[in-house]
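Trainee: This is the structure, below, for whatever I ask next.
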Amino acid sequence: MSNIVYLLFLITLFLSSMTTPSTSATDSFIFGGCSQPKYTPGSAYETAVNSLLTSLVNSAAFTNYNNFTVPGTPASDTVYGLFQCRGDLDNDQCSRCVARAVSQVGTLCYASCGGALQLEGCFVKYDNATFLGVEDKTVVTKKCGPSVGLTSDALTRRDAVLAYLQTPDGTYKTFRSSGSGDFQGVAQCTGDLSPTECQDCVSDAIQRLRTDCGPTSWGEIYLAKCYARYSEGGSHSRGSNDDSSHNDDEIEKTLAILIGLIAGVALIIVFLSFLSKVCEKHKGGK
Ligand SMILES: *[C@@H]1O[C@H](CO)[C@@H](O)[C@H](O)[C@H]1NC(C)=O
Ligand SMILES: *[C@@H]1O[C@H](CO)[C@@H](O)[C@H](O)[C@H]1NC(C)=O
């Protein structure tokens with residue numbers, strides 16, 4: 001009897017291991033980049049970078065934005081860094097996102113003096129040139145949906161979303177989200193910008209979405225210090241990158257379910273054959 005319980009436990013384990021949700025949307029990779037100058041591995045600068053990155057991860061458990069400076073000698077060895085989580089994430093989601101972003105930027109930008117990485121839910125950046133509090137509207141990445149005719153109604157809703165993101169009513173916000181019908185949009189500044197700079201950055205991003213993307217069902221633009229994006233229907237009608245990773249997830253899930261089932265059936269067969277052997281022994285013994 002205890003064998004059966006053990007088997008059931010194993011099967012449950014298989015089944016539960018395949019139904020755990022795959023990586024959440026906040027982890028989706030948007031962009032990453034590293035500075036040209038390199039440091040010598042094992043140098044004091046490397047220690048400073050690691051200490052800064054650790055501070056980012058620790059801090060993300062308590063707040064959505066923070067900046068750090070780790071002084072070095074000479075002054076060119078001082079490292080500056082910040083993280084910014086999307087304004088609608090809670091501390092738990094934020095710290096998980098930043099931990100992931102830091103680990104990815106550490107790999108991507110190994111031995112680079114500076115690096116930056118944007119996941120869907122958070123942004124991290126560090127460098128030995130100070131960029132904290134400096135507005136920067138460089139276009140980092142931009143994607144637009146296909147320009148298949150939006151109805152004029154849909155275009156009106158899209159424009160309403162963009163208009164709200166550009167000038168939200170009430171108080172100043174680094175994070176803005178908006179919806180109209182099936183259109184949704186978000187905009188986010190890094191917390192080191194002043195309200196005026198943030199407003200200027202977001203306005204610029206939205207203007208570019210309007211002019212560069214035109215009447216499309218989705219669009220996203222990431223400037224160095226802010227971003228704006230919108231989409232029609234569902235949370236994901238984004239680029240082909242995204243769709244394929246989504247498909248991969250589905251395939252992985254299906255594969256996991258199949259493997260789980262096969263393993264379960266195999267275990268049952270093994271158990272049954274074991275049972276029949278035991279029975280035969282008993283028969284033979286009598
Ligand atoms: C950053 O470090 C690199 C490599 O040591 C150096 O060439 C560069 O001048 C530094 N940048 C600043 C702003 O200090
Ligand atoms: C950086 O962090 C310090 C301490 O948390 C804060 O006083 C300062 O305003 C921040 N600077 C920027 C540019 O955000």
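Chain lettering (A, B, ...) mirrors the order of the structure tokens, residue numbering begins at 1 for each chain separately, and ligand numbering begins at 1 in order of display.
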For the interface of chain A with ligand 2 (cut-off 10 Å, counting only C-alpha atoms and all ligand atoms), please tabulate each contacting residue of chain A alongside its nearest pair of atoms and their separation in Å to one decimal, rows sorted by chain and increasing number, as CSV.

Mentor:
```
residue,atom,partner,partner_atom_place_in_ligand_line,distance
A:Tyr65,CA,ligand 2,14 (O),8.5
A:Asn66,CA,ligand 2,2 (O),6.0
A:Asn67,CA,ligand 2,1 (C),4.6
A:Phe68,CA,ligand 2,2 (O),6.2
A:Thr69,CA,ligand 2,1 (C),8.2
A:Tyr80,CA,ligand 2,1 (C),9.7
A:Gly81,CA,ligand 2,1 (C),9.3
A:Leu82,CA,ligand 2,14 (O),8.3
A:Thr130,CA,ligand 2,13 (C),9.8
A:Phe131,CA,ligand 2,13 (C),8.5
A:Leu132,CA,ligand 2,13 (C),4.7
A:Gly133,CA,ligand 2,13 (C),4.0
A:Val134,CA,ligand 2,13 (C),7.8
A:Thr190,CA,ligand 2,14 (O),8.6
A:Gly191,CA,ligand 2,14 (O),6.0
A:Asp192,CA,ligand 2,14 (O),3.6
A:Leu193,CA,ligand 2,13 (C),6.8
A:Ser194,CA,ligand 2,13 (C),8.5
```

Trainee: Which residues form the shell of 9 Å around ligand 1 when you count only C-alpha atoms and all ligand atoms, given as a list of chain:residue names?

Mentor: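 The residues within 9 Å of ligand 1, counting only C-alpha atoms and all ligand atoms, are A:Gln36, A:Pro37, A:Lys38, A:Tyr39, A:Thr40, A:Tyr45, A:Pro74, A:Ala75, A:Ser76, A:Asp77, A:Thr78, A:Val79, A:Ser112, A:Cys113, A:Gly114, A:Asp127, A:Asn128, A:Ala129, A:Thr130.
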
Trainee: In Å, rounded to a single decimal, give me how far CA of Gln93 (chain A) is from CA of Ala48 (chain A).

Mentor: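 Computing the Euclidean distance for CA of Ala48 (chain A) and CA of Gln93 (chain A) yields 26.0 Å.
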
Trainee: Run DSSP on the backbone and give me the residues of region 46-212 of chain A it puts in alpha helix (DSSP H), as a VMD selection string.

Mentor: chain A and resid 46 to 59 91 to 108 152 to 166 195 to 208

Trainee: I need the chosen residues saved as a tab-separated table (two decimals), in the first residue's frame, with C-alpha atoms.

Mentor:
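Result saved to part.tsv:
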```
chain	number	residue	atom	x	y	z
A	46	GLU	CA	35.23	45.07	-10.80
A	47	THR	CA	34.67	44.92	-7.05
A	48	ALA	CA	32.95	48.31	-7.22
A	49	VAL	CA	30.67	47.16	-10.07
A	50	ASN	CA	29.71	43.99	-8.21
A	51	SER	CA	29.01	45.92	-5.05
A	52	LEU	CA	26.86	48.40	-6.99
A	53	LEU	CA	24.88	45.65	-8.70
A	54	THR	CA	24.30	43.94	-5.36
A	55	SER	CA	23.00	47.22	-3.94
A	56	LEU	CA	20.55	47.52	-6.83
A	57	VAL	CA	19.14	44.04	-6.21
A	58	ASN	CA	18.88	44.56	-2.44
A	59	SER	CA	17.23	47.93	-2.79
A	91	ASN	CA	8.19	45.05	-4.31
A	92	ASP	CA	8.27	41.33	-4.84
A	93	GLN	CA	7.93	41.53	-8.62
A	94	CYS	CA	10.36	44.43	-8.74
A	95	SER	CA	13.11	42.68	-6.82
A	96	ARG	CA	12.72	39.52	-8.89
A	97	CYS	CA	12.89	41.53	-12.11
A	98	VAL	CA	15.96	43.52	-11.03
A	99	ALA	CA	17.73	40.36	-9.87
A	100	ARG	CA	17.17	38.86	-13.30
A	101	ALA	CA	18.21	42.01	-15.15
A	102	VAL	CA	21.38	42.34	-13.07
A	103	SER	CA	22.34	38.74	-13.67
A	104	GLN	CA	21.76	39.15	-17.42
A	105	VAL	CA	23.67	42.44	-17.70
A	106	GLY	CA	26.52	40.87	-15.72
A	107	THR	CA	26.82	38.16	-18.34
A	108	LEU	CA	26.12	40.32	-21.38
A	152	SER	CA	-11.08	55.53	-37.69
A	153	ASP	CA	-12.80	54.50	-34.46
A	154	ALA	CA	-9.79	52.44	-33.43
A	155	LEU	CA	-7.48	55.29	-34.34
A	156	THR	CA	-9.51	57.62	-32.14
A	157	ARG	CA	-9.11	55.23	-29.21
A	158	ARG	CA	-5.38	54.87	-29.90
A	159	ASP	CA	-4.97	58.62	-29.95
A	160	ALA	CA	-6.93	58.97	-26.72
A	161	VAL	CA	-4.53	56.53	-25.04
A	162	LEU	CA	-1.49	58.42	-26.32
A	163	ALA	CA	-2.96	61.79	-25.37
A	164	TYR	CA	-3.54	60.62	-21.81
A	165	LEU	CA	-0.02	59.19	-21.53
A	166	GLN	CA	1.38	62.48	-22.72
A	195	PRO	CA	9.20	66.28	-13.52
A	196	THR	CA	9.95	68.69	-16.36
A	197	GLU	CA	12.57	66.39	-17.89
A	198	CYS	CA	10.29	63.35	-17.53
A	199	GLN	CA	7.46	65.20	-19.21
A	200	ASP	CA	9.74	66.31	-22.01
A	201	CYS	CA	11.09	62.78	-22.51
A	202	VAL	CA	7.66	61.10	-22.57
A	203	SER	CA	6.24	63.76	-24.90
A	204	ASP	CA	9.11	63.16	-27.27
A	205	ALA	CA	8.59	59.38	-27.17
A	206	ILE	CA	4.87	59.71	-27.87
A	207	GLN	CA	5.42	62.17	-30.67
A	208	ARG	CA	7.77	59.66	-32.28
```

Trainee: Looking at only C-alpha atoms, which of A:Gly32, A:Pro215, A:Gly179, A:Gly115 is the one that sits closest to Pro146 (chain A)?

Mentor: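 Distance minimum relative to Pro146 (chain A) lands on A:Pro215.
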
Trainee: So that I can check the surroundings of Cys144 (chain A), please list as a compact mmCIF listing (two decimals) with C-alpha atoms, in the first residue's frame every protein, DNA and RNA residue that reaches within 8 Å of it, counting only C-alpha atoms and ignoring chain neighbours fewer than 5 positions away.

Mentor:
```txt
# COMPACT_ATOMS: atom_id res chain seq x y z
CA CYS A 213 4.61 54.25 -36.34
CA THR A 216 -0.77 50.90 -36.24
CA TRP A 218 0.75 48.56 -31.54
CA GLY A 219 3.99 50.44 -31.10
CA GLU A 220 6.77 50.87 -28.59
CA GLY A 239 6.93 41.97 -32.25
```

Trainee: If you measure from CA of Gly33 (chain A) to CA of Cys109 (chain A), what distance in Å do you get, rounded to one decimal?

Mentor: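 We find that CA of Gly33 (chain A) and CA of Cys109 (chain A) lie 7.4 Å from each other.
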
Trainee: Hey, what's within 6 Å of region 223-228 of chain A if we count only C-alpha atoms and toss same-chain stuff fewer than 5 positions away? As a list in words, please?

Mentor: Asp136, Lys137, Thr138, Val139, Val140, Val186, Ala187, Gln188, Cys189 and Thr190 of chain A

Trainee: Can those selected residues be exported to a file as a PDB file, in the first residue's frame so that it contains N, CA and C atoms?

Mentor:
```
ATOM      1  N   ASP A 136      18.204  62.137 -21.348  1.00  0.00           N
ATOM      2  CA  ASP A 136      18.830  61.538 -22.531  1.00  0.00           C
ATOM      3  C   ASP A 136      17.714  60.945 -23.383  1.00  0.00           C
ATOM      4  N   LYS A 137      17.495  61.558 -24.540  1.00  0.00           N
ATOM      5  CA  LYS A 137      16.381  61.117 -25.384  1.00  0.00           C
ATOM      6  C   LYS A 137      16.852  60.311 -26.593  1.00  0.00           C
ATOM      7  N   THR A 138      18.062  59.749 -26.503  1.00  0.00           N
ATOM      8  CA  THR A 138      18.545  58.865 -27.563  1.00  0.00           C
ATOM      9  C   THR A 138      17.569  57.707 -27.766  1.00  0.00           C
ATOM     10  N   VAL A 139      17.215  57.423 -29.018  1.00  0.00           N
ATOM     11  CA  VAL A 139      16.338  56.280 -29.286  1.00  0.00           C
ATOM     12  C   VAL A 139      17.151  54.992 -29.141  1.00  0.00           C
ATOM     13  N   VAL A 140      16.741  54.134 -28.237  1.00  0.00           N
ATOM     14  CA  VAL A 140      17.458  52.879 -28.033  1.00  0.00           C
ATOM     15  C   VAL A 140      16.836  51.777 -28.885  1.00  0.00           C
ATOM     16  N   VAL A 186       1.287  52.302 -21.776  1.00  0.00           N
ATOM     17  CA  VAL A 186       2.028  52.688 -20.576  1.00  0.00           C
ATOM     18  C   VAL A 186       3.195  53.584 -20.989  1.00  0.00           C
ATOM     19  N   ALA A 187       3.598  54.438 -20.059  1.00  0.00           N
ATOM     20  CA  ALA A 187       4.798  55.248 -20.245  1.00  0.00           C
ATOM     21  C   ALA A 187       5.513  55.298 -18.909  1.00  0.00           C
ATOM     22  N   GLN A 188       6.835  55.359 -18.959  1.00  0.00           N
ATOM     23  CA  GLN A 188       7.619  55.304 -17.726  1.00  0.00           C
ATOM     24  C   GLN A 188       8.908  56.091 -17.901  1.00  0.00           C
ATOM     25  N   CYS A 189       9.234  56.914 -16.896  1.00  0.00           N
ATOM     26  CA  CYS A 189      10.539  57.592 -16.865  1.00  0.00           C
ATOM     27  C   CYS A 189      11.388  56.927 -15.799  1.00  0.00           C
ATOM     28  N   THR A 190      12.702  57.060 -15.899  1.00  0.00           N
ATOM     29  CA  THR A 190      13.541  56.677 -14.780  1.00  0.00           C
ATOM     30  C   THR A 190      13.404  57.763 -13.714  1.00  0.00           C
TER      31      THR A 190
END
```
